[in-house]
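**Student:** Structure provided below as C-alpha cells; questions to follow.
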Amino acid sequence: VMNSRTLRSDSMIGTFQFDTGLCYDFENHSIIQKWLLLTNPTDPSGGPKGYLKVSCSVVGPNDEVKPHPKAVLDDNCDIETNLLRPSGVQLAPATFTVRLYRAEDVPQMDTALFEGVKKVLGVGSKKPKELVDPYVQMSFAGNKSETSTLYNNANPEFKEELKIGCKFPSMCDRIRLRLMDKDNFNRDDTVGTAYLNLSEISAPGETGFLPTFGPSWINVYGSPREYSDVMDEYDYLNQGILEGVSYRARMLVEVTSEIGSLPETRKPQPIDDSEVARVEQYFLRRRKYQLRAAFMAGTLVPESLADAPLSFELSIGNYGNELDKNVPPASSTTQPTNPVSDGEFYYYLPWTQSKPCASVTCHWEDVSPRIDSLNLLINLCDRLDRNMKRVYHMQQSQAPPAETARAFIDLIDCLRKDLADPRRKLPEPSRKNPIVTKLDFQIYAIRDQELRGLLESAEQLRMNATDLNEAMNEVDTYLSRLRGLAFEGQNSVPDVILWMLSNKKRVAYARIPAHEVMYAHHEDKAKWNEACGKNCGKPQTVYLKWPPKKDNTAPKFQVAAQLRLVIWLGQDSYAADWVRCADEGEISVYAETYENQANFFGWGKKGVSRPNWSDVNGKMALEQQNFTEPEGWIWSGDWFINPELSLSFSSDSGKSEFLEDIYEYQQRIPGTSWSHAKTTWGNVRADEIEGGRDNVELEDAWVWKDPDWNLDKNRACDEDGFEYTLDPSMAGYVPVERNYHLCRRRRWVRRRVRQLSEKQRKKMAKLQDKAKEGWEYSRIFSTKFHAVEKKIDMARRRRWHRKLTAQDNASAPLFYFPDADDSDVIHQVTPRMFMTFKEPHRYQLRVYLYQARNVRSADSSGLSDPYCRVAFGRQSACSIILKKTIMPTWDQTLVIDDIELYGDPKIVASVPPDITIELFDEDIVGKDEFLGRAVVKPHIRLQPNHPPPRLDWYPIKYFDKDAGELLAAFHLMLNEGDELPFAPERMAGHDDLFRVPTGIRPVMQLMRVEALCWGVRDIKRCQLLSVDKPHVTISVGGKQLKTDPIRKMKKCPNYDKPLLIFQKVELPREELYMPPLNIQIFDNRAFGRTPLVGTHSVINMRDYKRGRFTYAPPLEQKKPELPAVTGPPPPGSGEHVVEVRESVGSLATGVAEAPSAVAPTTEPSPSQPSSPATAKVRHSVADLECASVYMARLSDDAAAGIR
C-alpha cells in the first residue's frame, strides 16, 4: 500500500507478503474477506502500519472458480479472529476499561397507559413514574458487555465499569456505546448511540499514548424525543448509522486501556465509592449559559410547506424543547408565520423591521479551554485555506508570475505570524483545574509539537522554495496536518439544534456544533476574537434539511428552508455581549397575551371555547392584570395591539398572475342521461362554490385577464373535457365512460392578474386601517387565521404586547400563573423577544450567468434542456432555457431590484448572504427535473468606484455528488443615492433580456481547432441493437463538425476522412474561461434515425493550446504518414484514447479531465489503429482514438503552414 500524495522514496505505507500455498490451503482455495496486517518489511518491530481487507483465490487445474461474496460491514462480527498477520509480528493482549458513572435526560420509552389506569383507580404512587429502563451496551471489535438495568429511571446512576479484551494495536477504530431500554415483552429498544474514535483519544508512534478518555460527558443523538404509542417514524436514527436529528441523552464516561493482559470477566463491576465521589464532586459542576438567536430572514420555503404557519425552535441539549413537558419553559420558539410567495418559485417568511428572537437558558460544564483551543485551530485553518485559494486562483487565471509569487510569500508570512504569535498560542491545561484529564495534557503536547514543527517547515520553505507548484503542494500538507489537529473528543456541550415546526409537527432540522457559536472572553481582545467560534454573533446562512431516510437516500431535492440568522452562545456573565450583535437593531422584550372573541349573534366574549385572554394556543389563561414585573425588569409603557404582520399577506401576494379553476359536476341514475349534480360547481374536492363560476369573486387588486372561462382539455379526459368516477368521494377519475359510472366532472380555468385601480387602492387603504385593530379571523380557533373577515368566520383574536426593560444584573424574565384547575400547580410563561430595526438598506443584485459545463444529462438522448433559477432574499429570477446541451452558454444578466437587507452594510459586506442557483431540465410533460445546486457569495459594492467582479467557476452539487461547474459572477450593489453601472446590452430580439456586459464577459479571439479521429473500438449495443455505422460529432465554441459514418464497423472501424478542422472559432483569450470540447457518437440507422451512443467532454481545452508544449521528435525510426496532414505535427499531439460512456439514464454522460482521460503514445498509421499503449476501458460504450486535438491562433497557424 503506497501513499499517492507523495513521490518520494518513503511513499510506501506498509506491505503484507504471503505465498500462494497459504491461500490454496484455505477452504475453496480462497481467502474471503480477511483483514491483512500491514507492516514495514525493513522494521518488523515497528508495529502495524494499517489494515487491508481482501478476498483472493488461487485456482489450479480442474478447480472450480467460485465468486466472492459481497463485502458487508457488520458490527457484530469478531474482527480480531478474522485477521492475518505476518510471521514474527505479534499483537499484544490488551484490556479496555469503560467506566459508566451516570446518564441524564433519558427520554420516555414506554407507554403511560397503565399509569393512567392506576391514577383512575386511585392505586399506586402519586409521584409520576419515569417510563424508561436504561442500561448501556459497550461494543468493540465484535465483543460486547453490558451494565446492569436501572428500572424507571430517566437519570440513572450506573457506577459500573465494563472490560473488554482485544489485541493491540487494534484495527478497529471505534468503541460503540449504545444506551438501551429494557423491554420484558419485546426486543430491547435503542435510546441512542455514541462512538469514541480511537484516533481521537490515542496516538501511535514513540511519542504516542494509549487510548484514554475522560471522565467526560458524551452526548447521544437520534430521533426526536417525543414519545408516541405508535411506531417511531425515525427510530432507525437511534442506531447511530445516520445523523441523529435530536438530542437524546448524555453519559458520564471514562476510558482507560492496559496492555499485557486480558480481562478475567466481561460482567459489570462496581466502581469504588471514593472514585465515584471524586468524579461527582468536580464533573457535575455546572455553569449558567445563554443561547440567543435572531432570525433575520427565512427564504426558499417549498410550496409543500406553504399551507400552514411555520415556526422555529432553538434548543441545546434538552433545554428549549417546546414539545417536551418535562423541560422548563423558554422563549425558544418564534411566532407562527404564514409563508408568502415571492412571485416565482419559492416562498418566504415576511419578517420586516421586527425580527423574531429565541432565548434559551441552560447549564453545562465549563470546558472553555478545550473549545478555545479548537476554535483557534479552526480559525487558523480557515485563514490558511482562504490564502491558498487566492494563490490557486491567480495560477489558474495566469496572473503575472511576480504577483503570484508575492501572494505566495504573503501566504507563508501570514502562516508564520499565526504560528509564532503568542496571542494565538493554545491555552495550556492547568493541573489546578479539577476537570482537566490526562487526554487534555496528551493532546496539548501533540498539538504544541506539531505547531512548532510547522513553524520551522514554513520558515525553511520561505527561504528555499523555487518551484511554485511544489511549494503549494507542501503548503497543502501543512493544511492537512492542521486539520488533523482541529478536533476535540471531550467537548461535552451538545450541538445547537434548530427545528422548523408546521402544525406542531417537526418537518426539518439543522445541527450546528456548539463550538462554532461559542463566545470566548479574554483580557487580550485579539485572543478574544480568535478564540470565539467562527459564527459567534455573526450573520450566517443555515440550510434546513429533511430528516434522513432509512436507506440513506435524499428524501427531496428541495431545501426545506434557508435561514439567515445570528446565534450567540456563552456564559451568563457575558450575556451583555449579545446586545452588540444587534448591529443597527435594538433588542426588545415583550409580554404577550391574546384577546379571544366568538361570533355568537355578534362579536363578543360569549361562546368563546378558550379563555378570554390566553396564550397563542389558548391553553392557559393570561389576563393582562395578572402579569407582574419579573425580578430585575420594569414595564416600559402600557399594553398595545401588535398584530402578526404575515396575516396581511395572502399566500400568493408575490404573484402577478394566477390560474383560477372551478369544476362542473354532473350525475345520473343508472339507465338515465347525465344531468346537473346537487353540487354543480365546486372545487377539486367537490366542496360547493355558491353561485357557480359566474359569481366567483376576486380579491382586491385582482382582475380577470381572460374574458371568459375556458374548458381545460389538456389533461386526462375525453373530447368534451369530462372525467368519470363512481362517486365523487371515492375520486379515482378516468377519461373513459363506463356504464357503472354515476358521476363526471370537467375543469374550467380562467387567468387573473394583479392590477390596482384607484377604487381598489382606496379600499386597500381602508383595509389597512382596519388591520390596525389587529383582529385575526378563522372558522374556529383550531384552524388557520387570516386578516380579512369572511362570512363563515366564527372566531377571532388579536395580539397584545407590553414592553419590558432590563435593569442591572437582570436575570431571564419569567411570569408565573396558577393552573385554572389546580391552584397548587404554577405555570411559567416566557415573554417574546425581537430584534427591531428602523429602516432597511436597499440593494440591487446583478447575476452574470455566462455558461456551465459538465451538467447532468436528464433526457434519454444523453442531453438536457437546462435553465437556472436564482434565489436571493425574498426574490427569485429565471434564466432562458437552452435546448439539448450539457454545456450551456446563457450569456445572460439577471437584474433583481429593490432588495431589502437589514443591518450595517459593512457587516453585510464582511458576511454576505448566500445566493442559491438551482439548475433544472425543462420537461414538456411532468415537472422539470432537478440537475443540481450551487451556493455562492456575492461580490459586494458599497462605493461607486468599486471594480466589477470577475467570472469564476462555482461547483454544482447534486445532493452530495459533483454535477458540473457554473461560470458566473454576482454583484450586490448598495442602491442608496449613488449611481449604479449602466444597464448591460440587450439580447437581440428581446427587450427584457440582457447579455453579460463587456468587461466581465471573457475577451474572445479567433482560433483554429483541429481534431484527428482514427475510429472507434469496443463499441457496445445501443437501444438493443449493435452499432454498425457510427459517426463522430465534435463541437466547441458554438460550432460543430462531424465525420462521415463508417461504412462497415465490423470490416474496418476507422474513418476514411478523420481530420476535422474548425477554421475560425471564437474562444476566450483567458485560459481559465476556456470552454470544453464536446464529443458525441451517433449511429446511422434506417429511416434517417441517428440515436446517440455516447458523449465525452474534454474540459481542460487549455491543455491542448499550441505553445503550451515542447515537441520532441521520436528516436530514430521511420514515421508513418498521416492521411490529409502535411507539415510538422503540432506540439503535444499524439494518439489519445477518449472514453465515451453510455448515454442512457440520468447519469449517462461520462466526463473526465482531459489529461486523465487521454493517454499519449507514438503516432500510429491507419494500418495500425490500435497501438500497444491504447487503454481499453471495460465498462465504456466505446473507445474513440484521437490522433491529435490541439488549438492555435490563426496568425500562428499561417506562419506554421498548418492546414
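Identifiers in this document derive from the order of the C-alpha cells: chains are assigned A, B, ..., residues are numbered from 1 separately in each chain, and ligands are numbered from 1 in order of occurrence.
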Which neighbours of A:Thr593 fall inside 12 Å, counting only C-alpha atoms, when residues of the same chain fewer than 3 positions from it are skipped, and could you give them as a VMD selection string?

**Tutor:** chain A and resid 590 596 611 to 627 639 to 643 797 to 802 815 829 to 832

**Student:** List every residue of stretch 785-982 of chain A that DSSP, applied to the backbone, labels as alpha helix (DSSP H), and write the result as a list in words.

**Tutor:**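 Alpha helix (DSSP H) assignments inside stretch 785-982 of chain A correspond to Pro905, Lys906, Ile907, Val908, Ala909 and Ser910 of chain A.
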
**Student:** Write a file of the selected residues as a PDB file, in the first residue's frame, keeping N, CA, C and O atoms.

**Tutor:**
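What follows is the written file again10.pdb:
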```pdb
ATOM      1  N   PRO A 905     -24.301  47.902   6.355  1.00  0.00           N
ATOM      2  CA  PRO A 905     -23.770  47.383   5.089  1.00  0.00           C
ATOM      3  C   PRO A 905     -22.360  46.813   5.210  1.00  0.00           C
ATOM      4  O   PRO A 905     -21.995  45.903   4.455  1.00  0.00           O
ATOM      5  N   LYS A 906     -21.560  47.337   6.137  1.00  0.00           N
ATOM      6  CA  LYS A 906     -20.210  46.804   6.312  1.00  0.00           C
ATOM      7  C   LYS A 906     -20.260  45.374   6.848  1.00  0.00           C
ATOM      8  O   LYS A 906     -19.438  44.532   6.473  1.00  0.00           O
ATOM      9  N   ILE A 907     -21.223  45.107   7.717  1.00  0.00           N
ATOM     10  CA  ILE A 907     -21.392  43.730   8.206  1.00  0.00           C
ATOM     11  C   ILE A 907     -21.873  42.832   7.080  1.00  0.00           C
ATOM     12  O   ILE A 907     -21.425  41.691   6.926  1.00  0.00           O
ATOM     13  N   VAL A 908     -22.786  43.350   6.246  1.00  0.00           N
ATOM     14  CA  VAL A 908     -23.264  42.573   5.096  1.00  0.00           C
ATOM     15  C   VAL A 908     -22.113  42.262   4.157  1.00  0.00           C
ATOM     16  O   VAL A 908     -22.008  41.160   3.600  1.00  0.00           O
ATOM     17  N   ALA A 909     -21.199  43.235   3.959  1.00  0.00           N
ATOM     18  CA  ALA A 909     -20.060  43.011   3.070  1.00  0.00           C
ATOM     19  C   ALA A 909     -19.088  41.994   3.636  1.00  0.00           C
ATOM     20  O   ALA A 909     -18.481  41.221   2.885  1.00  0.00           O
ATOM     21  N   SER A 910     -18.918  41.962   4.955  1.00  0.00           N
ATOM     22  CA  SER A 910     -17.987  41.000   5.556  1.00  0.00           C
ATOM     23  C   SER A 910     -18.563  39.598   5.603  1.00  0.00           C
ATOM     24  O   SER A 910     -17.834  38.617   5.453  1.00  0.00           O
TER      25      SER A 910
END
```

**Student:** Tell me, as a PyMOL selection string, which residues lie within 12 Å of A:Asn695, counting only C-alpha atoms; anything in the same chain fewer than 3 positions away does not count.

**Tutor:** chain A and resi 662+681+689-692+698+709

**Student:** Taking only stretch 577-755 of chain A into account, list the residues labelled strand (DSSP E) by DSSP (computed from the backbone), as a ChimeraX atom specification.

**Tutor:** /A:586-599,603-604,613-614,633-635,640-641,657-667,675-682,702-704,710-711,722-725,743-754

**Student:** Would you write out those residues with C-alpha atoms, as an mmCIF file, in the first residue's frame?

**Tutor:**
```
data_model
loop_
_atom_site.group_PDB
_atom_site.id
_atom_site.type_symbol
_atom_site.label_atom_id
_atom_site.label_comp_id
_atom_site.auth_asym_id
_atom_site.auth_seq_id
_atom_site.Cartn_x
_atom_site.Cartn_y
_atom_site.Cartn_z
ATOM 1 C CA GLU A 586 -32.499 47.039 19.196
ATOM 2 C CA ILE A 587 -33.243 44.020 21.393
ATOM 3 C CA SER A 588 -36.793 44.297 22.746
ATOM 4 C CA VAL A 589 -38.669 42.012 25.167
ATOM 5 C CA TYR A 590 -42.473 41.933 25.307
ATOM 6 C CA ALA A 591 -45.063 40.281 27.496
ATOM 7 C CA GLU A 592 -47.697 38.710 25.263
ATOM 8 C CA THR A 593 -51.329 37.738 25.570
ATOM 9 C CA TYR A 594 -54.185 37.151 23.112
ATOM 10 C CA GLU A 595 -57.699 38.559 23.315
ATOM 11 C CA ASN A 596 -60.237 35.987 22.072
ATOM 12 C CA GLN A 597 -63.812 36.547 20.847
ATOM 13 C CA ALA A 598 -66.550 34.457 19.199
ATOM 14 C CA ASN A 599 -69.262 35.395 16.707
ATOM 15 C CA TRP A 603 -68.617 39.506 18.212
ATOM 16 C CA GLY A 604 -68.086 39.224 21.952
ATOM 17 C CA TRP A 613 -57.253 36.198 27.468
ATOM 18 C CA SER A 614 -54.832 33.370 26.749
ATOM 19 C CA TRP A 633 -37.290 44.132 34.922
ATOM 20 C CA ILE A 634 -39.716 47.087 34.742
ATOM 21 C CA TRP A 635 -42.580 47.938 32.420
ATOM 22 C CA PHE A 640 -50.703 47.900 22.906
ATOM 23 C CA ILE A 641 -52.028 45.934 19.926
ATOM 24 C CA GLU A 657 -50.680 36.175 -12.426
ATOM 25 C CA PHE A 658 -52.772 33.269 -11.188
ATOM 26 C CA LEU A 659 -54.822 30.500 -12.790
ATOM 27 C CA GLU A 660 -58.222 30.154 -11.164
ATOM 28 C CA ASP A 661 -60.108 26.885 -11.668
ATOM 29 C CA ILE A 662 -63.578 25.514 -10.937
ATOM 30 C CA TYR A 663 -65.146 22.112 -11.585
ATOM 31 C CA GLU A 664 -68.522 21.388 -13.159
ATOM 32 C CA TYR A 665 -70.109 18.236 -11.700
ATOM 33 C CA GLN A 666 -72.819 16.072 -13.281
ATOM 34 C CA GLN A 667 -74.537 12.880 -12.143
ATOM 35 C CA SER A 675 -77.829 15.987 -15.521
ATOM 36 C CA HIS A 676 -76.519 18.620 -13.145
ATOM 37 C CA ALA A 677 -75.458 17.284 -9.761
ATOM 38 C CA LYS A 678 -76.648 18.660 -6.446
ATOM 39 C CA THR A 679 -73.249 20.341 -6.149
ATOM 40 C CA THR A 680 -72.994 21.647 -9.704
ATOM 41 C CA TRP A 681 -69.984 23.880 -9.181
ATOM 42 C CA GLY A 682 -67.218 23.012 -6.740
ATOM 43 C CA TRP A 702 -57.012 41.328 -8.935
ATOM 44 C CA VAL A 703 -58.796 41.498 -12.294
ATOM 45 C CA TRP A 704 -59.612 38.882 -14.898
ATOM 46 C CA ASN A 710 -62.107 28.188 -20.795
ATOM 47 C CA LEU A 711 -62.561 24.437 -20.796
ATOM 48 C CA PHE A 722 -65.114 15.077 -18.817
ATOM 49 C CA GLU A 723 -63.565 12.543 -16.474
ATOM 50 C CA TYR A 724 -65.669 9.822 -14.831
ATOM 51 C CA THR A 725 -65.957 8.066 -11.492
ATOM 52 C CA CYS A 743 -70.584 10.944 -11.667
ATOM 53 C CA ARG A 744 -68.472 13.019 -14.021
ATOM 54 C CA ARG A 745 -66.776 16.408 -13.960
ATOM 55 C CA ARG A 746 -64.803 18.800 -16.110
ATOM 56 C CA ARG A 747 -62.424 21.633 -15.283
ATOM 57 C CA TRP A 748 -62.846 25.279 -16.249
ATOM 58 C CA VAL A 749 -59.948 27.721 -15.902
ATOM 59 C CA ARG A 750 -59.524 31.483 -16.097
ATOM 60 C CA ARG A 751 -56.442 33.627 -15.562
ATOM 61 C CA ARG A 752 -56.390 36.636 -13.252
ATOM 62 C CA VAL A 753 -53.704 39.311 -12.875
ATOM 63 C CA ARG A 754 -52.800 41.822 -10.207
#
```

**Student:** List the spatial neighbours of A:Gln571 as number ranges by chain - criterion: any atom at most 9 Å away, only C-alpha atoms, same-chain residues fewer than 5 positions off excluded.

**Tutor:** A: 287-291, 366, 519-520

**Student:** Between atom CA of A:Val1016 and atom CA of A:Leu863, what is the distance, to one decimal in Å?

**Tutor:**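 Interatomic distance, atom CA of A:Val1016 to atom CA of A:Leu863: 21.2 Å.
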